[in-house]
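Written below as structure tokens is the structure these notes are about.
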Amino acid sequence: MDLRSGTLEDREELLYELLDRAPVDPAAAETVRAVVRDYQDHHRSLYTRALNRADDFVDASLREPLLAALADTRYNCQAWAAMGCAAGGFTEAVPTLLDLLDDRDWNVREQAVRALGRLGDASVVPALAPLLRDPQEHPRQYAADALADIGGPEALEALWHELEHRRFARIGYIASNLARFTPAVLPRLAEAATSADPNVRYWAAVALGSTGDSSAAPILERLMATDHAATVFDGRVDVAAKKALRTLRRIQAAVAARADGSADPAAG
């Protein structure tokens with residue numbers, strides 16, 4: 001039996017076996033790549049299941065078939081082609097991915113955003129930033145993640161604008177992604193922690209905790225001890241600061257544990 005014959009159930013089972021072996025078995029990886037390379041000859045179920053694990057087997061040989069599938073509306077697997085392009089680092093996909101941000105299928109839009117986070121640069125920030133205003137939280141989360149993945153001052157400014165000009169009550173996805181710009185963002189977060197707006201102070205505290213930076217601890221300790229203001233969703237700044245301080249200490253402990261584990265045993 002191969003991936004072109006037998007029942008669909010049997011072919012899916014074989015595909016899963018091949019995917020499990022693909023990271024260490026070149027022959028298995030090449031068999032899976034053939035599904036992507038000759039995608040029009042294979043059932044969509046096989047194609048989508050394979051590309052759900054694209055990072056395990058995609059290589060440069062799949063550049064052209066993945067770019068073709070990304071634009072192929074008849075095969076209707078553009079979301080999974082986006083995953084494959086992202087895994088392969090195929091930046092040629094960026095123009096098509098930008099077009100897919102307006103697709104009617106939410107899954108296509110989501111995967112286009114995620115792929116742009118891996119493949120894009122500052123030039124795609126103006127297309128992603130408006131998604132932070134989407135009425136649904138999931139698209140806002142994906143856009144914030146993608147902007148932080150891209151990094152750079154343009155992405156930081158897009159996220160910072162949402163902290164200062166809060167459109168939605170709960171913006172934890174903004175705070176957590178701002179923390180990824182450490183250390184550059186630390187002075188701005190420290191200043192935001194003194195804002196006249198308790199909502200800004202609340203989310204600044206959350207972000208500071210997520211940085212894991214020791215310089216954030218005194219700021220969080222001050223907020224925890226003195227700032228009992230309430231937010232628009234009945235949260236409290238001092239409570240947020242207390243939780244953020246715990247988060248900061250967990251991050252620091254995890255970093256220290258990794259450092260100890262990676263130390264040369266002979267060094268002691």
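Starting from 1 in every chain, residues are counted up; chains themselves are A, B, ... following the order of the structure tokens, and ligands are numbered from 1 as listed.
Summary of the local environment: counting only C-alpha atoms, residues at most 7 Å from Asn177 in chain A, other than itself and those fewer than 5 positions away along its chain, are Ala144, Asp145 and Ala148 of chain A.
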Shell of 10 Å around Tyr39 in chain A, only C-alpha atoms, local chain residues under 3 positions omitted, as a list in words: Arg33, Ala34, Val35, Val36, His42, His43, Arg44, Leu46, Tyr47, Pro65, Leu66, Ala68, Ala69, Tyr75 and Cys77 of chain A
Dump N, CA, C and O atoms for the selected residues as a PDB file, in the first residue's frame?
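Output (selection_38.pdb):
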ATOM      1  N   ARG A  33       6.981  14.557   1.427  1.00  0.00           N
ATOM      2  CA  ARG A  33       7.163  15.701   0.537  1.00  0.00           C
ATOM      3  C   ARG A  33       6.485  15.479  -0.805  1.00  0.00           C
ATOM      4  O   ARG A  33       6.001  16.436  -1.425  1.00  0.00           O
ATOM      5  N   ALA A  34       6.420  14.233  -1.250  1.00  0.00           N
ATOM      6  CA  ALA A  34       5.766  13.943  -2.523  1.00  0.00           C
ATOM      7  C   ALA A  34       4.285  14.294  -2.483  1.00  0.00           C
ATOM      8  O   ALA A  34       3.700  14.675  -3.510  1.00  0.00           O
ATOM      9  N   VAL A  35       3.659  14.174  -1.323  1.00  0.00           N
ATOM     10  CA  VAL A  35       2.249  14.557  -1.189  1.00  0.00           C
ATOM     11  C   VAL A  35       2.084  16.048  -1.442  1.00  0.00           C
ATOM     12  O   VAL A  35       1.134  16.496  -2.096  1.00  0.00           O
ATOM     13  N   VAL A  36       3.017  16.824  -0.944  1.00  0.00           N
ATOM     14  CA  VAL A  36       2.958  18.272  -1.120  1.00  0.00           C
ATOM     15  C   VAL A  36       3.381  18.659  -2.534  1.00  0.00           C
ATOM     16  O   VAL A  36       2.772  19.526  -3.164  1.00  0.00           O
ATOM     17  N   HIS A  42      -3.357  14.132  -4.811  1.00  0.00           N
ATOM     18  CA  HIS A  42      -3.635  13.539  -3.503  1.00  0.00           C
ATOM     19  C   HIS A  42      -4.895  14.155  -2.888  1.00  0.00           C
ATOM     20  O   HIS A  42      -5.242  15.300  -3.152  1.00  0.00           O
ATOM     21  N   HIS A  43      -5.531  13.362  -2.050  1.00  0.00           N
ATOM     22  CA  HIS A  43      -6.721  13.826  -1.339  1.00  0.00           C
ATOM     23  C   HIS A  43      -6.350  14.987  -0.420  1.00  0.00           C
ATOM     24  O   HIS A  43      -5.283  14.990   0.200  1.00  0.00           O
ATOM     25  N   ARG A  44      -7.241  15.941  -0.331  1.00  0.00           N
ATOM     26  CA  ARG A  44      -6.982  17.107   0.518  1.00  0.00           C
ATOM     27  C   ARG A  44      -6.711  16.708   1.966  1.00  0.00           C
ATOM     28  O   ARG A  44      -5.965  17.372   2.674  1.00  0.00           O
ATOM     29  N   LEU A  46      -5.011  14.219   3.078  1.00  0.00           N
ATOM     30  CA  LEU A  46      -3.598  13.888   3.242  1.00  0.00           C
ATOM     31  C   LEU A  46      -2.746  15.153   3.236  1.00  0.00           C
ATOM     32  O   LEU A  46      -1.807  15.297   4.036  1.00  0.00           O
ATOM     33  N   TYR A  47      -3.072  16.049   2.343  1.00  0.00           N
ATOM     34  CA  TYR A  47      -2.306  17.290   2.221  1.00  0.00           C
ATOM     35  C   TYR A  47      -2.367  18.098   3.517  1.00  0.00           C
ATOM     36  O   TYR A  47      -1.340  18.561   4.037  1.00  0.00           O
ATOM     37  N   PRO A  65       5.839  24.153  -5.454  1.00  0.00           N
ATOM     38  CA  PRO A  65       4.499  23.599  -5.240  1.00  0.00           C
ATOM     39  C   PRO A  65       3.729  24.277  -4.110  1.00  0.00           C
ATOM     40  O   PRO A  65       2.504  24.421  -4.190  1.00  0.00           O
ATOM     41  N   LEU A  66       4.419  24.719  -3.074  1.00  0.00           N
ATOM     42  CA  LEU A  66       3.715  25.401  -1.986  1.00  0.00           C
ATOM     43  C   LEU A  66       3.246  26.790  -2.420  1.00  0.00           C
ATOM     44  O   LEU A  66       2.134  27.214  -2.083  1.00  0.00           O
ATOM     45  N   ALA A  68       2.463  27.555  -5.430  1.00  0.00           N
ATOM     46  CA  ALA A  68       1.342  27.301  -6.335  1.00  0.00           C
ATOM     47  C   ALA A  68       0.075  26.994  -5.547  1.00  0.00           C
ATOM     48  O   ALA A  68      -1.005  27.517  -5.858  1.00  0.00           O
ATOM     49  N   ALA A  69       0.177  26.157  -4.527  1.00  0.00           N
ATOM     50  CA  ALA A  69      -0.995  25.798  -3.731  1.00  0.00           C
ATOM     51  C   ALA A  69      -1.535  26.995  -2.956  1.00  0.00           C
ATOM     52  O   ALA A  69      -2.738  27.099  -2.706  1.00  0.00           O
ATOM     53  N   TYR A  75      -8.142  23.966  -5.287  1.00  0.00           N
ATOM     54  CA  TYR A  75      -7.754  22.891  -4.368  1.00  0.00           C
ATOM     55  C   TYR A  75      -8.190  23.226  -2.943  1.00  0.00           C
ATOM     56  O   TYR A  75      -8.444  22.342  -2.134  1.00  0.00           O
ATOM     57  N   CYS A  77      -6.745  24.614  -0.239  1.00  0.00           N
ATOM     58  CA  CYS A  77      -5.900  24.291   0.915  1.00  0.00           C
ATOM     59  C   CYS A  77      -4.921  25.420   1.196  1.00  0.00           C
ATOM     60  O   CYS A  77      -3.780  25.180   1.622  1.00  0.00           O
TER      61      CYS A  77
END
For Arg250 in chain A: contacts at 12 Å, only C-alpha atoms, fewer than 6 positions along chain excluded, given as a ChimeraX atom specification: /A:209-214,243-244,256-257
Output the selection as a CSV table (one decimal), in the first residue's frame - all heavy atoms for each residue.
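Dumped everything to part33.csv:
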chain,number,residue,atom,x,y,z
A,209,GLY,N,5.8,42.1,34.3
A,209,GLY,CA,6.0,40.8,34.9
A,209,GLY,C,6.5,39.8,33.9
A,209,GLY,O,7.3,38.9,34.1
A,210,SER,N,6.0,39.9,32.6
A,210,SER,CA,6.3,38.9,31.6
A,210,SER,C,7.7,39.2,31.0
A,210,SER,O,8.2,38.3,30.3
A,210,SER,CB,5.3,39.0,30.5
A,210,SER,OG,4.0,38.7,30.9
A,211,THR,N,8.3,40.3,31.3
A,211,THR,CA,9.7,40.5,30.8
A,211,THR,C,10.7,39.6,31.5
A,211,THR,O,11.7,39.3,31.0
A,211,THR,CB,10.1,42.0,31.0
A,211,THR,OG1,10.2,42.3,32.4
A,211,THR,CG2,9.2,43.0,30.3
A,212,GLY,N,10.4,39.3,32.8
A,212,GLY,CA,11.4,38.6,33.6
A,212,GLY,C,12.6,39.4,34.0
A,212,GLY,O,13.6,38.8,34.5
A,213,ASP,N,12.5,40.7,33.7
A,213,ASP,CA,13.7,41.5,34.0
A,213,ASP,C,13.7,42.0,35.5
A,213,ASP,O,12.7,42.5,36.0
A,213,ASP,CB,13.7,42.7,33.1
A,213,ASP,CG,15.0,43.5,33.1
A,213,ASP,OD1,15.3,44.2,34.0
A,213,ASP,OD2,15.8,43.2,32.1
A,214,SER,N,14.8,41.9,36.1
A,214,SER,CA,14.9,42.2,37.5
A,214,SER,C,14.6,43.7,37.8
A,214,SER,O,14.1,44.1,38.9
A,214,SER,CB,16.3,41.9,38.1
A,214,SER,OG,17.3,42.6,37.4
A,243,LYS,N,0.3,39.4,40.8
A,243,LYS,CA,0.4,38.3,39.9
A,243,LYS,C,1.6,38.4,39.0
A,243,LYS,O,2.3,37.5,38.7
A,243,LYS,CB,-0.9,38.2,39.1
A,243,LYS,CG,-2.1,37.8,40.0
A,243,LYS,CD,-3.3,37.7,39.1
A,243,LYS,CE,-4.5,37.3,39.9
A,243,LYS,NZ,-5.8,37.3,39.1
A,244,ALA,N,1.9,39.7,38.6
A,244,ALA,CA,3.0,39.9,37.6
A,244,ALA,C,4.3,39.6,38.3
A,244,ALA,O,5.3,39.1,37.7
A,244,ALA,CB,2.9,41.3,37.1
A,256,ALA,N,17.3,30.7,35.4
A,256,ALA,CA,18.4,30.2,36.2
A,256,ALA,C,18.6,28.7,36.1
A,256,ALA,O,19.7,28.2,36.1
A,256,ALA,CB,18.2,30.6,37.7
A,257,ALA,N,17.4,28.0,36.1
A,257,ALA,CA,17.5,26.5,36.0
A,257,ALA,C,18.1,26.1,34.7
A,257,ALA,O,18.9,25.1,34.6
A,257,ALA,CB,16.1,25.9,36.2
Gap from CA of Glu64 in chain A to CA of Gly117 in chain A - Å, one decimal: 20.7 Å
Long-range neighbours of Gly120 in chain A as number ranges by chain, 8 Å cut-off, only C-alpha atoms, 6 positions minimum in chain: A: 91, 94, 150
Residue set, range 106-268 of chain A restricted to helix (DSSP H, G or I), as number ranges by chain: A: 106-119, 122-133, 137-150, 152-164, 172-181, 186-192, 198-211, 216-226, 237-262, 265-267
